[in-house]
$ cat query-v4.txt   # compact mmCIF, C-alpha atoms
# COMPACT_ATOMS: atom_id res chain seq x y z
CA LYS G 1 14.44 40.88 -15.40
CA GLN G 2 16.25 40.63 -12.03
CA ILE G 3 13.09 39.40 -10.34
CA GLU G 4 12.65 36.78 -13.03
CA GLU G 5 16.24 35.58 -12.64
CA LYS G 6 15.88 35.43 -8.86
CA PHE G 7 12.64 33.50 -9.23
CA TYR G 8 14.30 30.87 -11.47
CA ARG G 9 17.24 30.59 -9.06
CA ILE G 10 14.81 29.88 -6.22
CA LEU G 11 12.97 27.30 -8.32
CA LYS G 12 16.24 25.49 -9.01
CA GLU G 13 16.98 25.38 -5.29
CA ILE G 14 13.60 23.89 -4.50
CA LYS G 15 13.77 20.24 -5.38
CA GLU G 16 11.07 17.64 -5.57
CA PRO G 17 11.28 15.35 -2.53
CA THR G 18 12.65 11.89 -3.27
CA PRO G 19 10.38 8.85 -2.80
CA ALA G 20 12.27 8.09 0.43
CA GLU G 21 11.71 11.63 1.73
CA LYS G 22 7.99 11.45 0.91
CA ALA G 23 7.71 8.05 2.59
CA LEU G 24 9.55 9.20 5.71
CA ARG G 25 7.28 12.25 5.96
CA ASN G 26 4.16 10.05 5.70
CA ILE G 27 5.56 7.50 8.15
CA LYS G 28 6.43 10.24 10.64
CA ASN G 29 2.82 11.49 10.49
CA ASP G 30 1.62 7.96 11.39
CA GLU G 31 -1.35 5.99 10.10
CA ALA G 32 -4.47 7.86 9.08
CA ARG G 33 -7.51 7.45 6.91
CA ASN G 34 -5.35 7.50 3.78
CA ILE G 35 -2.05 6.08 5.10
CA GLU G 36 -1.58 2.51 6.30
CA PHE G 37 1.42 0.47 7.48
CA LYS G 38 1.85 -3.28 7.24
CA ALA G 39 4.88 -4.97 8.74
CA SER G 40 4.97 -7.49 5.88
CA PHE G 41 2.94 -8.97 3.07
CA GLU G 42 3.19 -12.63 4.12
CA LEU G 43 6.12 -12.92 6.54
CA GLN G 44 5.13 -13.60 10.14
CA THR G 45 6.77 -10.92 12.28
CA GLU G 46 6.57 -10.03 15.96
CA ASP G 47 4.11 -7.33 14.92
CA ASN G 48 1.67 -10.01 13.71
CA LYS G 49 1.36 -12.12 16.85
CA LYS G 50 -2.34 -12.98 16.45
CA SER G 51 -1.34 -16.14 14.60
CA ASP G 52 -0.18 -19.63 15.38
CA LYS G 53 2.64 -19.12 12.87
CA LYS G 54 6.20 -18.76 14.13
CA ILE G 55 8.19 -15.63 13.38
CA GLY G 56 9.80 -15.99 9.96
CA GLU G 57 7.19 -18.38 8.54
CA LYS G 58 4.84 -17.63 5.66
CA ASN G 59 1.43 -16.45 6.85
CA VAL G 60 -0.97 -15.93 3.94
CA ILE G 61 -3.60 -14.48 6.30
CA LEU G 62 -1.51 -11.30 6.50
CA ARG G 63 -2.10 -10.49 2.85
CA GLU G 64 -5.85 -10.28 3.56
CA ARG G 65 -5.28 -6.99 5.42
CA VAL G 66 -3.34 -5.63 2.44
CA ILE G 67 -6.12 -6.55 -0.01
CA GLU G 68 -8.78 -5.08 2.27
CA THR G 69 -6.87 -1.83 2.71
CA ILE G 70 -6.29 -1.43 -1.03
CA ASN G 71 -10.02 -1.96 -1.61
CA ALA G 72 -10.94 0.58 1.08
CA PHE G 73 -8.63 3.17 -0.46
CA MET G 74 -10.07 2.52 -3.93
CA ILE G 75 -13.71 2.97 -3.06
CA LYS G 76 -13.25 6.23 -1.18
CA ASP G 77 -10.42 8.76 -1.37
CA GLY G 78 -7.33 6.78 -2.33
CA GLY G 79 -4.30 6.34 -0.10
CA VAL G 80 -0.82 4.98 0.40
CA LEU G 81 0.05 1.60 1.87
CA TYR G 82 3.59 0.95 3.08
CA ILE G 83 4.62 -2.69 3.43
CA GLY G 84 7.66 -3.15 5.65
CA VAL G 85 6.59 -0.52 8.20
CA LYS G 86 5.37 -1.54 11.63
CA ASP G 87 2.45 0.16 13.38
CA GLY G 88 3.92 3.20 15.09
CA GLY G 89 6.24 3.91 12.16
CA GLU G 90 9.20 1.61 12.78
CA ILE G 91 10.77 0.71 9.43
CA LEU G 92 11.33 -3.04 9.31
CA GLY G 93 11.76 -3.37 5.56
CA ILE G 94 10.80 -6.34 3.42
CA ASN G 95 14.39 -7.52 2.92
CA GLU G 96 13.86 -10.71 4.93
CA GLU G 97 10.61 -11.47 3.11
CA LEU G 98 12.38 -11.05 -0.23
CA LYS G 99 15.13 -13.47 0.86
CA LYS G 100 12.75 -16.11 2.17
CA PHE G 101 9.96 -16.11 -0.40
CA HIS G 102 11.19 -14.38 -3.56
CA PHE G 103 14.56 -15.93 -4.22
CA ASP G 104 15.39 -16.31 -7.91
CA LYS G 105 17.42 -19.51 -8.33
CA LYS G 106 18.73 -18.50 -11.77
CA LEU G 107 20.09 -15.21 -10.45
CA GLY G 108 21.11 -16.65 -7.12
CA ARG G 109 19.48 -13.82 -5.17
CA PRO G 110 16.08 -12.51 -4.11
CA THR G 111 14.39 -10.18 -6.57
CA GLN G 112 11.95 -7.37 -6.15
CA ASP G 113 10.40 -8.39 -9.46
CA ASN G 114 9.36 -11.77 -8.02
CA PHE G 115 7.73 -10.01 -5.05
CA LYS G 116 5.86 -7.60 -7.32
CA LYS G 117 4.64 -10.39 -9.64
CA HIS G 118 3.47 -12.41 -6.65
CA LEU G 119 1.56 -9.43 -5.23
CA HIS G 120 -0.12 -8.68 -8.56
CA ASN G 121 -1.05 -12.36 -9.07
CA ILE G 122 -2.80 -12.34 -5.71
CA LEU G 123 -4.50 -8.97 -6.28
CA GLY G 124 -5.60 -10.07 -9.75
CA ALA G 125 -7.19 -13.21 -8.34
CA ARG G 126 -8.99 -11.41 -5.51
CA LEU G 127 -9.96 -7.99 -6.90
CA ASP G 128 -11.97 -7.12 -9.99
CA SER G 129 -9.59 -6.98 -12.95
CA ASP G 130 -9.82 -3.20 -13.30
CA TYR G 131 -7.88 -2.80 -10.03
CA ILE G 132 -4.65 -2.43 -11.98
CA ASP G 133 -5.75 0.96 -13.32
CA PHE G 134 -5.85 2.39 -9.80
CA ILE G 135 -2.57 1.34 -8.21
CA SER G 136 1.07 2.08 -8.74
CA THR G 137 3.87 0.49 -6.78
CA GLU G 138 7.49 1.17 -6.01
CA PHE G 139 10.29 -0.15 -3.85
CA ILE G 140 11.86 2.52 -1.68
CA ASP G 141 15.24 2.14 -0.02
CA ILE G 142 15.54 3.81 3.36
CA GLY G 143 19.01 3.22 4.66
CA ASN G 144 19.71 -0.49 4.27
CA ARG G 145 16.03 -1.43 4.37
CA THR G 146 13.59 -1.65 1.47
CA ILE G 147 9.92 -0.90 1.87
CA PHE G 148 7.20 -1.46 -0.71
CA CYS G 149 4.84 1.40 -1.41
CA ILE G 150 1.41 0.94 -2.99
CA ASN G 151 -0.21 4.19 -4.13
CA VAL G 152 -3.95 3.72 -4.60
CA LYS G 153 -6.21 6.09 -6.51
CA ALA G 154 -9.93 6.33 -5.84
CA THR G 155 -12.04 4.69 -8.54
CA ASN G 156 -14.78 7.37 -8.29
CA LYS G 157 -17.01 5.84 -10.99
CA ASP G 158 -16.96 2.07 -10.52
CA LEU G 159 -16.69 -0.14 -7.50
CA ILE G 160 -13.98 -2.76 -7.35
CA PHE G 161 -14.96 -5.69 -5.16
CA VAL G 162 -12.90 -8.21 -3.21
CA ASP G 163 -13.78 -11.80 -4.13
CA GLY G 164 -16.63 -10.60 -6.34
CA GLY G 165 -18.77 -9.05 -3.61
CA LYS G 166 -17.01 -7.64 -0.53
CA LEU G 167 -16.25 -3.97 0.04
CA PHE G 168 -14.10 -2.40 2.72
CA GLU G 169 -13.86 1.11 4.13
CA ARG G 170 -11.43 3.13 6.16
CA ARG G 171 -12.54 4.40 9.54
CA GLY G 172 -9.75 6.55 10.81
CA PRO G 173 -6.55 4.49 10.65
CA SER G 174 -8.28 1.10 10.38
CA THR G 175 -10.09 -0.95 7.73
CA HIS G 176 -13.50 -2.61 8.14
CA GLU G 177 -15.79 -4.64 5.90
CA LEU G 178 -18.96 -2.85 4.82
CA LYS G 179 -21.99 -4.86 5.93
CA GLY G 180 -25.72 -4.49 6.53
CA LYS G 181 -27.13 -0.98 6.74
CA ARG G 182 -23.70 0.59 6.39
CA LEU G 183 -23.17 -1.23 3.08
CA ALA G 184 -26.66 -0.29 1.82
CA THR G 185 -26.09 3.39 2.70
CA PHE G 186 -22.66 3.37 1.10
CA LEU G 187 -23.95 1.84 -2.15
CA LYS G 188 -26.87 4.28 -2.31
CA ASP G 189 -24.56 7.29 -1.73
CA PHE G 190 -21.98 5.98 -4.19
CA HIS G 191 -24.52 5.52 -6.99
CA ASN G 192 -26.12 8.91 -6.29
CA LYS G 193 -22.71 10.56 -6.83
CA LYS G 194 -22.48 9.25 -10.39

$ encode --input "query-v4.txt" --output "structure tokens"
Amino acid sequence: KQIEEKFYRILKEIKEPTPAEKALRNIKNDEARNIEFKASFELQTEDNKKSDKKIGEKNVILRERVIETINAFMIKDGGVLYIGVKDGGEILGINEELKKFHFDKKLGRPTQDNFKKHLHNILGARLDSDYIDFISTEFIDIGNRTIFCINVKATNKDLIFVDGGKLFERRGPSTHELKGKRLATFLKDFHNKK
């Protein structure tokens, strides 16, 4: 009886980590095959200097990397994508992006709901419609900054394509399009697993 009581006391003391604690742990461990950081979804930041866009402008090219990473996670082992985190783990947040591009005029403030709807509209237009069954999203506040977390499950049985025919894979902490022999080998292996 005493052992049982002690056991339950210990269980009460052990608490499930909060979403912020989980995110900080993942961010501290840096990018990997199943963890990816993106500074923003569409906001040009200093981190995204490979563009002719000025810092603070909308850059729709940036969302391509998000779509590709989600696809790569889906077709293999799953993963977590953090938007609002710079390469190297610096937490930028998406607060500025919310203010600039997701302002709700009726409410007089930016809304996370507008951001989420926008993201899902884009994913729905670019990925096979079943994508929705394999992702879950949440906003996570870390201090005074908000990041957006996309948890992606592996599809295991069916492939979900980008734009009806492209597939992407993770190689270490980066994402690459499957092409040529690599694509043929992947498809053969994937269908043999079924």

$ residues_around --input "query-v4.txt" --residues "Pro19 (chain G)" --least-positions-apart "5" --cutoff "12 Å" --atoms "only C-alpha atoms" --output "compact mmCIF listing (two decimals) with C-alpha atoms, keeping the file's coordinate frame"
# COMPACT_ATOMS: atom_id res chain seq x y z
CA LEU G 24 9.55 9.20 5.71
CA ARG G 25 7.28 12.25 5.96
CA ASN G 26 4.16 10.05 5.70
CA TYR G 82 3.59 0.95 3.08
CA THR G 137 3.87 0.49 -6.78
CA GLU G 138 7.49 1.17 -6.01
CA PHE G 139 10.29 -0.15 -3.85
CA ILE G 140 11.86 2.52 -1.68
CA ASP G 141 15.24 2.14 -0.02
CA ILE G 142 15.54 3.81 3.36
CA THR G 146 13.59 -1.65 1.47
CA ILE G 147 9.92 -0.90 1.87
CA PHE G 148 7.20 -1.46 -0.71
CA CYS G 149 4.84 1.40 -1.41
CA ILE G 150 1.41 0.94 -2.99
CA ASN G 151 -0.21 4.19 -4.13

$ closest_residue --input "query-v4.txt" --among "G:Lys58, G:Phe41, G:Tyr131, G:Pro17" --to "Lys116 (chain G)" --atoms "all atoms listed in the file"
G:Phe41

$ closest_residue --input "query-v4.txt" --among "G:Asp113, G:Glu169, G:Glu90, G:Glu96" --to "Leu187 (chain G)" --atoms "all atoms listed in the file"
G:Glu169

$ residues_around --input "query-v4.txt" --residues "Glu68 (chain G)" --least-positions-apart "3" --cutoff "8 Å" --atoms "all atoms listed in the file" --output "list in words"
Glu64, Arg65, Asn71, Ala72, Val162, Leu167, Phe168, Thr175, His176 and Glu177 of chain G

$ closest_residue --input "query-v4.txt" --among "G:Leu62, G:Met74, G:Leu119, G:Leu107" --to "Ile160 (chain G)" --atoms "all atoms listed in the file"
G:Met74

$ residues_near_point --input "query-v4.txt" --point "(6.0, 0.1, 9.5)" --cutoff "9 Å" --atoms "all atoms listed in the file" --output "list in words"
Ile27, Glu36, Phe37, Lys38, Ala39, Ser40, Tyr82, Ile83, Gly84, Val85, Lys86, Asp87, Gly88, Gly89, Glu90, Ile91, Leu92, Gly93 and Ile147 of chain G

$ closest_residue --input "query-v4.txt" --among "G:Glu46, G:Glu5, G:Asp77, G:Asp104" --to "Arg33 (chain G)" --atoms "only C-alpha atoms"
G:Asp77

$ atom_distance --input "query-v4.txt" --atom1 "CA of Phe73 (chain G)" --atom2 "CA of Ala20 (chain G)"
21.5 Å

$ closest_residue --input "query-v4.txt" --among "G:Asn192, G:Thr69, G:Asn95, G:Ser129" --to "Asn156 (chain G)" --atoms "all atoms listed in the file"
G:Asn192

$ atom_distance --input "query-v4.txt" --atom1 "CA of Asn114 (chain G)" --atom2 "CA of Glu42 (chain G)"
13.6 Å

$ atom_distance --input "query-v4.txt" --atom1 "CA of Leu127 (chain G)" --atom2 "CA of Asp158 (chain G)"
12.8 Å

$ closest_residue --input "query-v4.txt" --among "G:Leu11, G:Ile75, G:Leu178, G:Leu98" --to "Leu159 (chain G)" --atoms "only C-alpha atoms"
G:Ile75
